[in-house]
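So this block is structure.cif, mmCIF, C-alpha atoms:
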data_input
#
loop_
_atom_site.label_atom_id
_atom_site.label_comp_id
_atom_site.auth_asym_id
_atom_site.auth_seq_id
_atom_site.Cartn_x
_atom_site.Cartn_y
_atom_site.Cartn_z
CA MET A 1 62.65 54.06 115.10
CA LYS A 2 63.22 57.81 115.24
CA VAL A 3 64.92 59.98 117.83
CA GLU A 4 62.14 61.36 120.02
CA GLN A 5 61.20 62.21 123.59
CA ASN A 6 62.09 59.56 126.21
CA LYS A 7 63.96 57.23 123.82
CA MET A 8 67.42 55.87 124.66
CA VAL A 9 69.62 57.32 121.93
CA GLY A 10 73.22 56.47 121.07
CA VAL A 11 75.33 58.81 118.95
CA ASP A 12 78.85 58.89 117.62
CA TYR A 13 80.01 62.49 117.66
CA LYS A 14 82.93 64.78 117.05
CA LEU A 15 83.11 68.25 118.59
CA THR A 16 85.42 70.73 116.90
CA VAL A 17 86.26 74.07 118.53
CA ASP A 18 88.59 76.66 117.03
CA GLY A 19 89.55 74.21 114.29
CA GLN A 20 90.67 71.53 116.76
CA ILE A 21 88.89 68.36 117.88
CA ALA A 22 87.81 69.16 121.44
CA ASP A 23 85.98 65.91 122.16
CA GLN A 24 84.69 62.82 120.38
CA SER A 25 83.18 59.45 121.07
CA ARG A 26 85.42 56.43 120.84
CA PRO A 27 84.80 53.75 118.21
CA GLY A 28 82.22 51.32 119.57
CA GLN A 29 81.47 53.55 122.58
CA PRO A 30 78.69 55.94 121.55
CA LEU A 31 77.35 58.61 123.85
CA GLU A 32 74.06 57.21 125.17
CA PHE A 33 71.37 59.33 126.77
CA ILE A 34 67.65 59.52 127.31
CA PHE A 35 66.39 62.07 124.80
CA GLY A 36 64.50 65.07 126.14
CA THR A 37 65.46 64.78 129.80
CA GLY A 38 67.94 67.67 129.92
CA MET A 39 71.11 65.58 129.76
CA LEU A 40 72.41 67.43 126.69
CA LEU A 41 72.28 70.95 125.34
CA PRO A 42 68.76 71.69 124.06
CA LYS A 43 70.04 72.79 120.62
CA PHE A 44 72.07 69.54 120.34
CA GLU A 45 68.90 67.53 120.90
CA GLU A 46 66.94 69.76 118.53
CA ALA A 47 69.46 69.00 115.76
CA ILE A 48 68.97 65.23 116.02
CA LEU A 49 65.22 65.13 116.71
CA GLY A 50 63.45 62.86 114.21
CA LYS A 51 66.67 61.30 112.91
CA GLU A 52 66.91 57.55 112.40
CA ILE A 53 69.74 55.06 112.89
CA GLY A 54 72.46 55.71 110.31
CA GLU A 55 71.53 59.34 109.74
CA SER A 56 74.19 61.98 110.25
CA VAL A 57 73.98 65.70 110.86
CA SER A 58 76.53 68.49 111.19
CA PHE A 59 75.60 71.68 113.04
CA THR A 60 77.11 74.67 114.77
CA LEU A 61 76.10 76.11 118.13
CA GLU A 62 77.03 79.69 118.91
CA ALA A 63 78.15 80.43 122.48
CA LYS A 64 74.65 81.53 123.55
CA ASP A 65 73.26 78.10 122.57
CA GLY A 66 76.24 76.23 124.04
CA TYR A 67 77.84 77.19 127.33
CA GLY A 68 77.16 80.91 127.23
CA GLU A 69 79.52 83.83 127.00
CA VAL A 70 82.53 84.24 129.28
CA ILE A 71 81.45 85.89 132.55
CA ALA A 72 84.12 88.29 133.79
CA ASP A 73 82.98 87.92 137.43
CA ALA A 74 83.79 84.18 137.24
CA ILE A 75 87.50 85.00 136.87
CA VAL A 76 88.86 85.73 140.34
CA ASP A 77 92.12 86.22 142.20
CA LEU A 78 92.37 83.87 145.18
CA PRO A 79 94.95 83.99 147.96
CA LYS A 80 97.75 81.56 147.24
CA ASP A 81 97.61 80.19 150.79
CA ILE A 82 94.28 78.44 150.15
CA PHE A 83 96.26 76.03 147.97
CA MET A 84 98.24 74.75 150.97
CA VAL A 85 98.10 71.01 151.65
CA ASP A 86 99.67 69.74 154.87
CA GLY A 87 101.49 73.06 155.31
CA LYS A 88 103.00 73.07 151.81
CA LEU A 89 101.93 74.84 148.65
CA ALA A 90 100.36 72.34 146.21
CA GLU A 91 102.73 73.31 143.40
CA ASP A 92 101.88 70.17 141.43
CA ILE A 93 98.48 71.68 140.59
CA LEU A 94 99.42 75.36 140.41
CA PHE A 95 100.38 75.89 136.80
CA GLU A 96 98.65 77.69 133.97
CA GLY A 97 95.91 75.54 132.41
CA SER A 98 95.60 73.18 135.38
CA GLN A 99 92.02 72.23 136.27
CA VAL A 100 91.52 72.32 140.01
CA PRO A 101 88.42 70.96 141.76
CA MET A 102 87.28 73.43 144.42
CA SER A 103 84.23 74.24 146.50
CA ASP A 104 82.63 77.50 147.53
CA ALA A 105 81.64 78.61 151.04
CA GLN A 106 78.36 76.65 150.74
CA GLY A 107 80.19 73.46 149.78
CA ASN A 108 79.13 73.54 146.11
CA ARG A 109 81.73 71.80 143.98
CA MET A 110 83.14 73.55 140.92
CA MET A 111 86.05 73.22 138.56
CA GLY A 112 88.42 76.13 138.17
CA ILE A 113 91.17 76.61 135.62
CA VAL A 114 94.42 78.24 136.74
CA LYS A 115 94.98 81.27 134.52
CA GLU A 116 97.98 82.79 136.25
CA VAL A 117 100.09 82.13 139.35
CA GLY A 118 101.24 85.35 140.97
CA GLU A 119 103.42 86.16 143.96
CA SER A 120 100.58 85.96 146.49
CA THR A 121 97.48 85.18 144.41
CA VAL A 122 96.24 82.66 141.87
CA LYS A 123 93.93 83.85 139.07
CA MET A 124 91.23 81.21 138.62
CA ASP A 125 88.59 80.99 135.88
CA PHE A 126 85.34 79.31 136.93
CA ASN A 127 83.64 79.69 133.54
CA HIS A 128 82.87 76.46 131.73
CA PRO A 129 85.91 75.63 129.56
CA MET A 130 83.70 75.96 126.47
CA ALA A 131 82.14 79.30 127.47
CA GLY A 132 82.40 81.86 124.69
CA LYS A 133 83.20 79.16 122.13
CA THR A 134 81.46 78.21 118.90
CA LEU A 135 80.80 74.46 118.93
CA ASN A 136 80.87 72.46 115.68
CA PHE A 137 79.32 69.01 115.91
CA ASP A 138 79.33 66.05 113.53
CA VAL A 139 76.85 63.50 114.85
CA GLU A 140 75.68 60.10 113.63
CA VAL A 141 72.73 58.34 115.26
CA VAL A 142 73.83 54.76 115.94
CA SER A 143 70.98 53.49 118.13
CA VAL A 144 67.44 54.39 119.15
CA ARG A 145 65.38 52.19 121.45
CA ASP A 146 62.84 52.24 124.22
CA VAL A 147 64.10 53.05 127.70
CA THR A 148 64.44 50.08 130.07
CA PRO A 149 64.20 50.10 133.89
CA GLU A 150 67.97 49.50 133.94
CA ASP A 151 68.51 52.67 131.93
CA LEU A 152 66.70 54.67 134.60
CA GLN A 153 68.92 53.20 137.33
CA GLY A 154 72.32 53.55 135.73
CA GLY A 155 72.59 57.14 134.54
CA CYS A 156 74.36 57.00 131.18
CA SER A 157 77.26 55.63 129.25
CA CYS A 158 79.60 58.43 128.35
CA GLY A 159 82.35 56.92 126.24
CA GLU A 160 85.53 58.69 127.27
CA CYS A 161 84.57 59.00 130.93
CA GLY A 162 84.13 55.32 131.56
CA GLY A 163 80.43 55.71 132.28
CA ASP A 164 80.86 57.62 135.55
CA CYS A 165 79.11 60.83 134.67
CA GLY A 166 78.36 62.21 138.09
CA LYS A 167 75.17 64.21 137.81
CA GLY A 168 74.07 62.98 134.40
CA CYS A 169 75.56 62.81 130.95
CA GLY A 170 78.01 65.56 130.89
CA ASP A 171 76.37 68.39 132.76
CA HIS A 172 74.21 69.19 129.72
CA ASP A 173 77.10 68.97 127.30
CA GLY A 174 77.31 65.30 126.54
CA HIS A 175 80.99 65.24 127.34
CA CYS A 176 80.95 64.06 130.92
CA ASN A 177 82.81 67.01 132.29
CA CYS A 178 86.03 65.57 130.87
CA HIS A 179 87.19 68.81 129.31
#
Encoded form (structure tokens):
Amino acid sequence: MKVEQNKMVGVDYKLTVDGQIADQSRPGQPLEFIFGTGMLLPKFEEAILGKEIGESVSFTLEAKDGYGEVIADAIVDLPKDIFMVDGKLAEDILFEGSQVPMSDAQGNRMMGIVKEVGESTVKMDFNHPMAGKTLNFDVEVVSVRDVTPEDLQGGCSCGECGGDCGKGCGDHDGHCNCH
């Protein structure tokens, strides 16, 4: 059976960014997703279309085909006092590189990365952590089968994230927002 629209596909993968492994499936825990339903990056799916179990492919996605370029307007200075919890500054999360879940004025959830902690402000980056990056994938197709009713109920199995993928397999990246 070949990888095609509306098939349940399982892949072992390794994602390398800037010469370092950024993400990978665990042995015996492939990334499983319903092909063609927007769970993964379109160019990722395009690279494995028509492949069969046991076939491997290596490919590179430029930023425009991955998570886009870095958007300068998504890097903002926020008042330090919004990081107060019970009257105290949440210093345990305010360090460079820390990922902080936040929400905007409309209640939309987003992940921000602390870039710099200043005297009265915190510089936060709300770009996707892989924005502006070239993504190098090594992928092996390990399973292809018809979709079952259970598959439609349960979302996906995302290896490193324990299967709890929130709004689908990895917010179109196949990595379960575990970056």
Using all atoms listed in the file, find each residue of range 47-74 of chain A with at least one atom at most 6 Å away from an atom of range 137-150 of chain A; report its shortest atom-to-atom pair and that distance in Å (one decimal), sort the rows by chain and rising residue number, and return the result as a Markdown table.
| residue | atom | partner | partner_atom | distance |
| --- | --- | --- | --- | --- |
| A:Ile53 | CA | A:Val141 | CA | 5.0 |
| A:Gly54 | CA | A:Val141 | CA | 5.6 |
| A:Glu55 | CA | A:Val141 | CA | 5.7 |
| A:Ser56 | CA | A:Glu140 | CA | 4.1 |
| A:Val57 | CA | A:Val139 | CA | 5.4 |
| A:Ser58 | CA | A:Asp138 | CA | 4.4 |
| A:Phe59 | CA | A:Phe137 | CA | 5.4 |
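This file gives the following result for the PyMOL selection byres ((chain A and resi 78) around 10): Ile75, Val76, Asp77, Pro79, Lys80, Asp81, Ile82, Phe83, Val117, Gly118, Ser120, Thr121, Val122, Lys123 and Met124 of chain A.
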Can you spit out the residues from that selection as a PDB file, keeping the file's coordinate frame, using C-alpha atoms?
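The resulting file, out.pdb, is reproduced below:
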ATOM      1  CA  ILE A  75      87.500  85.000 136.870  1.00  0.00           C
ATOM      2  CA  VAL A  76      88.860  85.730 140.340  1.00  0.00           C
ATOM      3  CA  ASP A  77      92.120  86.220 142.200  1.00  0.00           C
ATOM      4  CA  PRO A  79      94.950  83.990 147.960  1.00  0.00           C
ATOM      5  CA  LYS A  80      97.750  81.560 147.240  1.00  0.00           C
ATOM      6  CA  ASP A  81      97.610  80.190 150.790  1.00  0.00           C
ATOM      7  CA  ILE A  82      94.280  78.440 150.150  1.00  0.00           C
ATOM      8  CA  PHE A  83      96.260  76.030 147.970  1.00  0.00           C
ATOM      9  CA  VAL A 117     100.090  82.130 139.350  1.00  0.00           C
ATOM     10  CA  GLY A 118     101.240  85.350 140.970  1.00  0.00           C
ATOM     11  CA  SER A 120     100.580  85.960 146.490  1.00  0.00           C
ATOM     12  CA  THR A 121      97.480  85.180 144.410  1.00  0.00           C
ATOM     13  CA  VAL A 122      96.240  82.660 141.870  1.00  0.00           C
ATOM     14  CA  LYS A 123      93.930  83.850 139.070  1.00  0.00           C
ATOM     15  CA  MET A 124      91.230  81.210 138.620  1.00  0.00           C
TER      16      MET A 124
END
Which value, in Å to one decimal, gives the distance between CA of Met39 in chain A and CA of Ile71 in chain A? 23.0 Å
Find the residues near range 65-67 of chain A: any atom within 7 Å, counting only C-alpha atoms, skip ones fewer than 5 places away on the same chain, and give them as a PyMOL selection string. chain A and resi 41+43+128+130-131
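Here CA of Thr60 in chain A stands at a distance of 16.1 Å from CA of Asp12 in chain A.
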Which residues of range 48-126 of chain A come within 9 Å of range 1-7 of chain A, and what is each one's closest atom pair and distance in Å (one decimal), counting only C-alpha atoms, sorted by chain and residue number, as a Markdown table?
| residue | atom | partner | partner_atom | distance |
| --- | --- | --- | --- | --- |
| A:Ile48 | CA | A:Val3 | CA | 6.9 |
| A:Leu49 | CA | A:Val3 | CA | 5.3 |
| A:Gly50 | CA | A:Val3 | CA | 4.9 |
| A:Lys51 | CA | A:Val3 | CA | 5.4 |
| A:Glu52 | CA | A:Lys2 | CA | 4.7 |
| A:Ile53 | CA | A:Lys2 | CA | 7.5 |
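When CA of Thr37 in chain A is paired with CA of Val11 in chain A, their separation reads 15.8 Å.
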Taking all atoms of range 123-142 of chain A that the file lists and extending 6 Å past them on each side, where is the centre of the axis-aligned box and how long are its edges? Answer in Å to one decimal, as JSON.
{"center_x": 83.3, "center_y": 69.3, "center_z": 126.3, "size_x": 33.2, "size_y": 41.1, "size_z": 37.5}
For range 89-105 of chain A, work out the shell of residues within 7 Å, counting only C-alpha atoms and skipping chain neighbours fewer than 4 positions away, then give it as a tab-separated table (two decimals) with C-alpha atoms, in the frame of the given file.
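As a result, out27.tsv now contains:
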chain	number	residue	atom	x	y	z
A	83	PHE	CA	96.26	76.03	147.97
A	84	MET	CA	98.24	74.75	150.97
A	85	VAL	CA	98.10	71.01	151.65
A	109	ARG	CA	81.73	71.80	143.98
A	110	MET	CA	83.14	73.55	140.92
A	111	MET	CA	86.05	73.22	138.56
A	112	GLY	CA	88.42	76.13	138.17
A	113	ILE	CA	91.17	76.61	135.62
A	114	VAL	CA	94.42	78.24	136.74
A	115	LYS	CA	94.98	81.27	134.52
A	116	GLU	CA	97.98	82.79	136.25
A	117	VAL	CA	100.09	82.13	139.35
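Selection result for the displayed file, with the PyMOL selection byres ((chain A and resi 132) around 8) as criterion, is Ala63, Lys64, Tyr67, Gly68, Glu69, Val70, Met130, Ala131, Lys133 and Thr134 of chain A.
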Restricting the calculation to all atoms listed in the file: of A:Ala74, A:Lys88, A:Asn127, A:Val9, which residue gets closest to Phe33 in chain A? A:Val9
Range 88-101 of chain A from the block above: N, CA, C and O atoms written as a JSON list (two decimals), in the first residue's frame:
[["chain", "number", "residue", "atom", "x", "y", "z"],
["A", 88, "LYS", "N", 4.13, 38.34, 43.12],
["A", 88, "LYS", "CA", 5.58, 38.18, 43.00],
["A", 88, "LYS", "C", 5.94, 37.92, 41.54],
["A", 88, "LYS", "O", 5.19, 37.27, 40.82],
["A", 89, "LEU", "N", 7.10, 38.43, 41.15],
["A", 89, "LEU", "CA", 7.59, 38.21, 39.79],
["A", 89, "LEU", "C", 7.90, 36.72, 39.60],
["A", 89, "LEU", "O", 8.59, 36.11, 40.43],
["A", 90, "ALA", "N", 7.41, 36.13, 38.52],
["A", 90, "ALA", "CA", 7.62, 34.70, 38.24],
["A", 90, "ALA", "C", 9.02, 34.49, 37.67],
["A", 90, "ALA", "O", 9.20, 34.18, 36.50],
["A", 91, "GLU", "N", 10.01, 34.66, 38.54],
["A", 91, "GLU", "CA", 11.41, 34.59, 38.10],
["A", 91, "GLU", "C", 11.80, 33.21, 37.59],
["A", 91, "GLU", "O", 12.75, 33.07, 36.81],
["A", 92, "ASP", "N", 11.08, 32.18, 38.01],
["A", 92, "ASP", "CA", 11.40, 30.82, 37.58],
["A", 92, "ASP", "C", 11.18, 30.62, 36.08],
["A", 92, "ASP", "O", 11.74, 29.70, 35.49],
["A", 93, "ILE", "N", 10.39, 31.50, 35.45],
["A", 93, "ILE", "CA", 10.17, 31.38, 34.01],
["A", 93, "ILE", "C", 10.82, 32.51, 33.23],
["A", 93, "ILE", "O", 10.85, 32.47, 32.00],
["A", 94, "LEU", "N", 11.34, 33.50, 33.91],
["A", 94, "LEU", "CA", 11.90, 34.67, 33.22],
["A", 94, "LEU", "C", 13.42, 34.56, 33.06],
["A", 94, "LEU", "O", 14.19, 35.17, 33.78],
["A", 95, "PHE", "N", 13.82, 33.74, 32.11],
["A", 95, "PHE", "CA", 15.23, 33.63, 31.76],
["A", 95, "PHE", "C", 15.31, 33.41, 30.25],
["A", 95, "PHE", "O", 14.38, 32.89, 29.63],
["A", 96, "GLU", "N", 16.40, 33.84, 29.67],
["A", 96, "GLU", "CA", 16.58, 33.75, 28.23],
["A", 96, "GLU", "C", 16.41, 32.31, 27.75],
["A", 96, "GLU", "O", 16.99, 31.38, 28.31],
["A", 97, "GLY", "N", 15.56, 32.14, 26.72],
["A", 97, "GLY", "CA", 15.31, 30.82, 26.15],
["A", 97, "GLY", "C", 14.09, 30.13, 26.72],
["A", 97, "GLY", "O", 13.62, 29.13, 26.18],
["A", 98, "SER", "N", 13.55, 30.64, 27.83],
["A", 98, "SER", "CA", 12.38, 30.02, 28.44],
["A", 98, "SER", "C", 11.16, 30.16, 27.52],
["A", 98, "SER", "O", 10.92, 31.23, 26.96],
["A", 99, "GLN", "N", 10.39, 29.09, 27.38],
["A", 99, "GLN", "CA", 9.15, 29.13, 26.62],
["A", 99, "GLN", "C", 8.01, 29.38, 27.60],
["A", 99, "GLN", "O", 7.84, 28.62, 28.55],
["A", 100, "VAL", "N", 7.24, 30.42, 27.34],
["A", 100, "VAL", "CA", 6.19, 30.83, 28.26],
["A", 100, "VAL", "C", 4.85, 30.82, 27.54],
["A", 100, "VAL", "O", 4.66, 31.54, 26.56],
["A", 101, "PRO", "N", 3.89, 30.00, 28.02],
["A", 101, "PRO", "CA", 2.56, 30.04, 27.42],
["A", 101, "PRO", "C", 1.86, 31.34, 27.81],
["A", 101, "PRO", "O", 1.88, 31.74, 28.97]]
